[in-house]
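Inspection log for the structure reproduced underneath, given as structure tokens.
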Amino acid sequence: MGAICCCGRKPSKGNSLDRKLERKIIEMRKNKFGKSKLKSIDSVVMLFPMFREKLKTLRGMFEQYDEDSNGYIDPNELKRFLEHQQFHLQEEEFETLFRYCDIDGSKGIQFNEFIVLVCLIHLLQEQPSFDSSSKAELANLGEVFDTMIEVFLFFDKNADGKINKKDMVKTLNDTYPLEKSPSHITEKRFKEMDWDNNGQVTIREFLFGFIKWVGIDADE
């Protein structure tokens, strides 16, 4: 994931996708999530083993569609994956999403990028097909991705579909109000996700940072 931090570029279509994802997240907060089960940062950390275990499902699928075993899924390999999973994207949507998740510009999707890409498709699809009987391998991942989005919402205190530094500080300090998190720690955590240093963390930036926290990286 080291290559992520040096890549601050965002094409205009990527910015448009950011806005679309923000709207989707705001809709999900209103229509899908009631009162959050997450009460503190500790309650988030306790979910890390579950995330690591459930996301192992995607490792096998990644290797299956990485037909040349080079550690990357190229556009054609990804199209075959999406077709098999019955995710329907227009060609322009596919190209935009591929570039959006190809953080290092390698023209290939690494494993950590693959996790983020599938989670974003889950968020964007009106009726995700994760629970299709013919897609048993992905049967539980819809719920896992919803939980990852719920963690994002837990940090997004002002409910605008983005996380700012004030959100991060408040979330990290709410667990132990008498023992404030050192400012250099909150600064480090925020910078790990705010790649373009614009003071805001999008869902894409958050997901890459979060799976790193959980203990999953491109080469796992």
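A note on labels: chains of the structure tokens are A, B, ... as shown, every chain counts residues from 1, and ligands are counted from 1 in their shown order.
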
| field | DSSP strand (DSSP E or B) residues within stretch 1-217 of chain A, as a list in words | value |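 DSSP on the backbone gives strand (DSSP E or B) at Ile73, Ile109, Ile163, Asn164, Gln200 and Val201 of chain A.
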
Same residues, N, CA, C and O atoms, output as a JSON list (two decimals), in the first residue's frame:
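Written output follows (out01.json):
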[["chain", "number", "residue", "atom", "x", "y", "z"],
["A", 73, "ILE", "N", -5.14, -8.01, -11.29],
["A", 73, "ILE", "CA", -6.25, -8.34, -12.18],
["A", 73, "ILE", "C", -6.36, -7.23, -13.22],
["A", 73, "ILE", "O", -6.55, -6.06, -12.86],
["A", 109, "ILE", "N", -5.34, -4.35, -10.92],
["A", 109, "ILE", "CA", -5.92, -4.23, -9.59],
["A", 109, "ILE", "C", -5.25, -5.23, -8.65],
["A", 109, "ILE", "O", -5.32, -6.45, -8.88],
["A", 163, "ILE", "N", -15.18, 12.29, 5.82],
["A", 163, "ILE", "CA", -14.62, 12.39, 7.17],
["A", 163, "ILE", "C", -13.61, 13.54, 7.17],
["A", 163, "ILE", "O", -12.72, 13.58, 6.33],
["A", 164, "ASN", "N", -13.77, 14.48, 8.11],
["A", 164, "ASN", "CA", -12.77, 15.52, 8.26],
["A", 164, "ASN", "C", -11.98, 15.28, 9.55],
["A", 164, "ASN", "O", -12.28, 14.37, 10.32],
["A", 200, "GLN", "N", -10.17, 16.22, 3.83],
["A", 200, "GLN", "CA", -11.37, 15.37, 3.83],
["A", 200, "GLN", "C", -11.01, 13.98, 3.35],
["A", 200, "GLN", "O", -10.16, 13.82, 2.47],
["A", 201, "VAL", "N", -11.66, 12.98, 3.93],
["A", 201, "VAL", "CA", -11.43, 11.59, 3.56],
["A", 201, "VAL", "C", -12.69, 11.04, 2.92],
["A", 201, "VAL", "O", -13.76, 11.03, 3.53]]

| task | Mind checking which residues fall within 9 Å of A:Asp156, counting only C-alpha atoms, ignoring those fewer than 5 positions away in the same chain, and posting them as a PyMOL selection string? | result | chain A and resi 151+161-164+167-168+171

Selection from above, all heavy atoms, as a compact mmCIF listing (two decimals), in the first residue's frame, can you write it?
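Below is the file selection.txt, written as the result:
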# COMPACT_ATOMS: atom_id res chain seq x y z
N VAL A 151 -18.84 1.52 9.75
CA VAL A 151 -17.67 2.09 10.44
C VAL A 151 -17.36 3.47 9.88
O VAL A 151 -17.06 4.41 10.64
CB VAL A 151 -16.45 1.15 10.30
CG1 VAL A 151 -15.21 1.81 10.89
CG2 VAL A 151 -16.71 -0.18 11.00
N GLY A 161 -21.06 12.50 4.29
CA GLY A 161 -20.49 11.55 3.34
C GLY A 161 -18.99 11.63 3.22
O GLY A 161 -18.39 10.97 2.36
N LYS A 162 -18.34 12.43 4.09
CA LYS A 162 -16.89 12.55 4.13
C LYS A 162 -16.46 12.59 5.59
O LYS A 162 -17.25 12.88 6.48
CB LYS A 162 -16.42 13.83 3.42
CG LYS A 162 -16.80 13.92 1.95
CD LYS A 162 -16.33 15.22 1.33
CE LYS A 162 -17.06 16.43 1.88
NZ LYS A 162 -18.48 16.47 1.47
N ILE A 163 -15.18 12.29 5.82
CA ILE A 163 -14.62 12.39 7.17
C ILE A 163 -13.61 13.54 7.17
O ILE A 163 -12.72 13.58 6.33
CB ILE A 163 -13.91 11.08 7.59
CG1 ILE A 163 -14.89 9.91 7.60
CG2 ILE A 163 -13.28 11.23 8.98
CD1 ILE A 163 -14.22 8.56 7.79
N ASN A 164 -13.77 14.48 8.11
CA ASN A 164 -12.77 15.52 8.26
C ASN A 164 -11.98 15.28 9.55
O ASN A 164 -12.28 14.37 10.32
CB ASN A 164 -13.40 16.92 8.23
CG ASN A 164 -14.47 17.09 9.30
OD1 ASN A 164 -14.27 16.68 10.46
ND2 ASN A 164 -15.59 17.70 8.95
N ASP A 167 -13.92 15.19 12.74
CA ASP A 167 -14.62 13.91 12.92
C ASP A 167 -13.69 12.86 13.51
O ASP A 167 -14.05 12.14 14.45
CB ASP A 167 -15.13 13.37 11.57
CG ASP A 167 -16.26 14.19 10.97
OD1 ASP A 167 -16.97 14.85 11.73
OD2 ASP A 167 -16.42 14.14 9.74
N MET A 168 -12.48 12.77 12.95
CA MET A 168 -11.51 11.77 13.40
C MET A 168 -11.13 11.98 14.86
O MET A 168 -11.11 11.04 15.66
CB MET A 168 -10.26 11.83 12.52
CG MET A 168 -9.15 10.86 12.91
SD MET A 168 -9.51 9.15 12.46
CE MET A 168 -9.32 9.20 10.68
N THR A 171 -14.04 11.06 17.20
CA THR A 171 -14.26 9.62 17.29
C THR A 171 -13.19 8.94 18.13
O THR A 171 -13.51 8.09 18.98
CB THR A 171 -14.28 8.99 15.89
OG1 THR A 171 -15.28 9.62 15.10
CG2 THR A 171 -14.58 7.50 15.96

| message | Give me the residues near A:Asp217 as a VMD selection string, where near means some atom within 12 Å (using only C-alpha atoms) and where sequence neighbours in that chain fewer than 5 positions away do not count. | response | chain A and resid 1 to 4 52 55 to 56 59 110 to 116 207 to 212

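Between A:Lys37 and the residues A:Thr147, A:Gln90, A:Ser106, A:Ser16, the shortest atom-to-atom distance, using only C-alpha atoms, involves A:Thr147.
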
Within 12 Å of A:Gln64, counting only C-alpha atoms, which residues show up once you throw out same-chain ones fewer than 4 positions away? Write them as a PDB file with C-alpha atoms, in the first residue's frame, please.
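In the end it all went to out10.pdb:
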ATOM      1  CA  THR A  57     -13.252 -15.257   0.708  1.00  0.00           C
ATOM      2  CA  LEU A  58     -12.119 -12.583  -1.735  1.00  0.00           C
ATOM      3  CA  ARG A  59      -8.512 -13.820  -1.750  1.00  0.00           C
ATOM      4  CA  GLY A  60      -9.516 -17.094  -3.407  1.00  0.00           C
ATOM      5  CA  ASP A  68      -1.658 -15.167 -15.257  1.00  0.00           C
ATOM      6  CA  SER A  69      -0.880 -15.172 -11.494  1.00  0.00           C
ATOM      7  CA  ASN A  70       1.012 -11.889 -11.653  1.00  0.00           C
ATOM      8  CA  GLY A  71      -0.630 -10.412  -8.560  1.00  0.00           C
ATOM      9  CA  TYR A  72      -2.842  -8.055 -10.570  1.00  0.00           C
ATOM     10  CA  ILE A  73      -6.253  -8.344 -12.177  1.00  0.00           C
ATOM     11  CA  GLU A  77      -9.893 -10.421 -16.029  1.00  0.00           C
ATOM     12  CA  LEU A  78     -11.992  -8.008 -13.979  1.00  0.00           C
ATOM     13  CA  ARG A  80     -14.924 -11.766 -16.419  1.00  0.00           C
ATOM     14  CA  PHE A  81     -15.244 -11.556 -12.637  1.00  0.00           C
ATOM     15  CA  HIS A  84     -19.722 -14.107 -13.409  1.00  0.00           C
ATOM     16  CA  PHE A 111      -5.729  -7.517  -3.810  1.00  0.00           C
TER      17      PHE A 111
END

| query | So which residues touch A:Glu150 within 9 Å, counting only C-alpha atoms, skipping near sequence neighbours fewer than 5 positions away, as a ChimeraX atom specification? | reply | /A:29,33,36-38,145,155

| Separation of atom CA of A:Pro75 from atom CA of A:Lys107, in Å and rounded to one decimal | 7.8 Å

| task | Once DSSP has gone over the backbone, tell me which residues of stretch 15-210 of chain A are in alpha helix (DSSP H), as number ranges by chain. | result | A: 15-31, 41-45, 48-65, 75-84, 91-101, 111-124, 141-155, 165-174, 183-193, 203-210

Write the residues of the selection above to a file with C-alpha atoms, as a CSV table (one decimal), in the first residue's frame.
chain,number,residue,atom,x,y,z
A,15,ASN,CA,-14.3,13.5,-8.6
A,16,SER,CA,-17.7,12.8,-10.1
A,17,LEU,CA,-17.7,9.3,-8.7
A,18,ASP,CA,-16.7,10.7,-5.2
A,19,ARG,CA,-19.8,12.8,-5.3
A,20,LYS,CA,-22.0,9.9,-6.3
A,21,LEU,CA,-20.6,7.7,-3.5
A,22,GLU,CA,-21.2,10.5,-1.0
A,23,ARG,CA,-24.8,10.7,-2.0
A,24,LYS,CA,-25.1,6.9,-1.7
A,25,ILE,CA,-23.6,6.9,1.7
A,26,ILE,CA,-26.0,9.7,2.9
A,27,GLU,CA,-28.9,7.7,1.5
A,28,MET,CA,-27.7,4.5,3.3
A,29,ARG,CA,-27.5,6.4,6.6
A,30,LYS,CA,-31.1,7.6,6.2
A,31,ASN,CA,-32.7,4.4,4.7
A,41,ILE,CA,-13.4,2.9,18.7
A,42,ASP,CA,-12.9,-0.2,20.8
A,43,SER,CA,-16.1,-1.7,19.4
A,44,VAL,CA,-14.7,-1.2,15.9
A,45,VAL,CA,-11.3,-2.8,16.8
A,48,PHE,CA,-11.0,-6.7,13.1
A,49,PRO,CA,-10.8,-10.5,13.4
A,50,MET,CA,-14.2,-10.9,11.7
A,51,PHE,CA,-13.1,-8.6,8.8
A,52,ARG,CA,-9.9,-10.6,8.3
A,53,GLU,CA,-11.7,-13.9,8.3
A,54,LYS,CA,-14.6,-12.9,6.1
A,55,LEU,CA,-12.4,-11.1,3.5
A,56,LYS,CA,-10.4,-14.2,3.0
A,57,THR,CA,-13.3,-15.3,0.7
A,58,LEU,CA,-12.1,-12.6,-1.7
A,59,ARG,CA,-8.5,-13.8,-1.7
A,60,GLY,CA,-9.5,-17.1,-3.4
A,61,MET,CA,-11.7,-15.3,-5.9
A,62,PHE,CA,-8.9,-12.8,-6.7
A,63,GLU,CA,-6.5,-15.6,-7.4
A,64,GLN,CA,-9.0,-17.4,-9.5
A,65,TYR,CA,-9.5,-14.4,-11.8
A,75,PRO,CA,-9.4,-5.0,-17.2
A,76,ASN,CA,-10.3,-8.2,-19.1
A,77,GLU,CA,-9.9,-10.4,-16.0
A,78,LEU,CA,-12.0,-8.0,-14.0
A,79,LYS,CA,-14.7,-8.0,-16.6
A,80,ARG,CA,-14.9,-11.8,-16.4
A,81,PHE,CA,-15.2,-11.6,-12.6
A,82,LEU,CA,-18.0,-9.0,-12.8
A,83,GLU,CA,-19.9,-10.9,-15.5
A,84,HIS,CA,-19.7,-14.1,-13.4
A,91,GLU,CA,-18.3,0.5,-20.3
A,92,GLU,CA,-17.7,4.0,-19.2
A,93,GLU,CA,-18.7,3.2,-15.6
A,94,PHE,CA,-16.3,0.2,-15.7
A,95,GLU,CA,-13.4,2.3,-17.0
A,96,THR,CA,-14.0,5.0,-14.4
A,97,LEU,CA,-14.2,2.6,-11.5
A,98,PHE,CA,-11.1,0.7,-12.7
A,99,ARG,CA,-9.0,3.8,-12.8
A,100,TYR,CA,-10.6,5.0,-9.5
A,101,CYS,CA,-9.3,1.8,-7.7
A,111,PHE,CA,-5.7,-7.5,-3.8
A,112,ASN,CA,-6.3,-4.5,-1.5
A,113,GLU,CA,-7.6,-2.6,-4.5
A,114,PHE,CA,-9.9,-5.5,-5.4
A,115,ILE,CA,-11.5,-5.5,-1.9
A,116,VAL,CA,-12.2,-1.7,-2.2
A,117,LEU,CA,-13.5,-2.1,-5.7
A,118,VAL,CA,-16.0,-4.8,-4.8
A,119,CYS,CA,-17.1,-2.9,-1.8
A,120,LEU,CA,-17.8,0.2,-3.9
A,121,ILE,CA,-19.7,-1.8,-6.4
A,122,HIS,CA,-21.8,-3.1,-3.5
A,123,LEU,CA,-22.4,0.5,-2.4
A,124,LEU,CA,-23.3,1.7,-5.9
A,141,LEU,CA,-19.9,-10.3,2.0
A,142,GLY,CA,-22.8,-7.9,1.5
A,143,GLU,CA,-23.2,-7.9,5.3
A,144,VAL,CA,-19.4,-7.4,5.8
A,145,PHE,CA,-19.3,-4.5,3.4
A,146,ASP,CA,-22.3,-2.9,5.1
A,147,THR,CA,-20.4,-3.1,8.4
A,148,MET,CA,-17.4,-1.5,6.8
A,149,ILE,CA,-19.7,1.3,5.6
A,150,GLU,CA,-21.2,1.5,9.0
A,151,VAL,CA,-17.7,2.1,10.4
A,152,PHE,CA,-17.2,4.9,7.9
A,153,LEU,CA,-20.5,6.4,9.1
A,154,PHE,CA,-19.3,6.1,12.7
A,155,PHE,CA,-16.4,8.4,11.9
A,165,LYS,CA,-10.1,15.9,10.9
A,166,LYS,CA,-12.6,17.1,13.5
A,167,ASP,CA,-14.6,13.9,12.9
A,168,MET,CA,-11.5,11.8,13.4
A,169,VAL,CA,-10.4,13.5,16.6
A,170,LYS,CA,-13.9,13.3,18.1
A,171,THR,CA,-14.3,9.6,17.3
A,172,LEU,CA,-10.9,8.7,18.7
A,173,ASN,CA,-11.4,10.7,21.9
A,174,ASP,CA,-15.0,9.7,22.6
A,183,SER,CA,-2.6,15.0,18.7
A,184,HIS,CA,0.3,13.4,16.8
A,185,ILE,CA,-1.6,10.1,16.8
A,186,THR,CA,-4.8,11.5,15.5
A,187,GLU,CA,-2.7,13.5,12.9
A,188,LYS,CA,-1.0,10.3,11.8
A,189,ARG,CA,-4.2,8.4,11.5
A,190,PHE,CA,-5.9,11.1,9.5
A,191,LYS,CA,-2.9,11.6,7.1
A,192,GLU,CA,-2.9,7.8,6.5
A,193,MET,CA,-6.2,8.3,4.7
A,203,ILE,CA,-15.1,6.5,1.3
A,204,ARG,CA,-12.5,5.2,-1.1
A,205,GLU,CA,-9.6,6.7,0.9
A,206,PHE,CA,-11.2,5.4,4.1
A,207,LEU,CA,-11.6,1.8,2.8
A,208,PHE,CA,-7.9,1.6,1.8
A,209,GLY,CA,-6.8,3.0,5.2
A,210,PHE,CA,-9.3,0.8,7.1

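Between atom CA of A:Leu47 and atom CA of A:Ala159 the separation is 22.3 Å.
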